[in-house]
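Engineer: One structure follows; several queries about it will come next.
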Amino acid sequence: MSLEQDVKGALNKVTLGEADAALVYRTDVKAAGTKVHGIDFPESAKAINDYPIATLNKAQPALAKEFVQLVLSPQGNQVLSAADFEAP
């Protein structure tokens with residue numbers, strides 16, 4: 001058993017052959033390409049991460065608003081879905 005600092009470290013152990021398996025995010029499995037094989041399991045449906053989006057007070061308001069709208073748009077959803085993120 002190994003307790004890594006983060007998901008990337010756990011995945012790295014598997015890709016290097018230093019571990020047989022690790023619990024990582026689907027997006028990390030996808031990013032590893034053919035180096036690893038992901039297996040879905042029923043309990044994983046309960047592990048949902050929220051990724052809030054917000055603008056900063058010191059940001060350029062119009063540009064920040066445009067970015068948020070892009071992320072929340074159909075085009076943004078398509079990009080997120082292609083990376084195996086769920087739609088916001």
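Following the order of the structure tokens, chains are lettered A, B, ..., residues in each are numbered from 1, and ligands are numbered from 1.
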DSSP on the backbone: what in chain A comes out helix (DSSP H, G or I), as number ranges by chain?
Structural biologist: A: 7-15, 26-31, 33-35, 42-46, 61-72, 74-82
Engineer: Need the shell around segment 54-56 of chain A: protein/DNA/RNA residues with any atom at most 12 Å away, counting only C-alpha atoms. Skip same-chain ones fewer than 2 positions apart. Format as a ChimeraX atom specification?
Structural biologist: /A:51-52,58-69,71-72
Engineer: Applying 12 Å and only C-alpha atoms, which residues near Glu4 of chain A remain after dropping the ones on its own chain fewer than 2 positions away? List them as a list of chain:residue names.
Structural biologist: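 Answer for this query is A:Met1, A:Ser2, A:Asp6, A:Val7, A:Lys8, A:Gly9, A:Ala10, A:Leu11, A:Asn12, A:Lys13, A:Val14, A:Ala19, A:Ala22, A:Leu23, A:Val24.
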Engineer: Skipping near chain neighbours, those fewer than 4 positions away, what residues fall within 12 Å of Ala45 of chain A using only C-alpha atoms, listed as a PyMOL selection string?
Structural biologist: chain A and resi 25-26+40-41+49+86
Engineer: Using only C-alpha atoms, find the one residue out of A:Ala47, A:Asn57, A:Gln78, A:Asp28 that sits nearest to Thr15 of chain A.
Structural biologist: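 Of A:Ala47, A:Asn57, A:Gln78, A:Asp28, the one nearest Thr15 of chain A is A:Asp28, counting only C-alpha atoms.
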Engineer: Please compute the atom CA of Gly38 of chain A-atom CA of Leu80 of chain A distance, one decimal, in Å.
Structural biologist: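 Atom CA of Gly38 of chain A sits 18.8 Å away from atom CA of Leu80 of chain A.
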Engineer: Mind giving me the straight-line distance from atom CA of Glu43 of chain A to atom CA of Asp20 of chain A in Å, one decimal?
Structural biologist: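 About the pair atom CA of Glu43 of chain A and atom CA of Asp20 of chain A: they are 19.9 Å apart.
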Engineer: Distance atom CA of Ala32 of chain A-atom CA of Ser81 of chain A, one decimal place?
Structural biologist: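 That distance, rounded to one decimal, is 17.0 Å.
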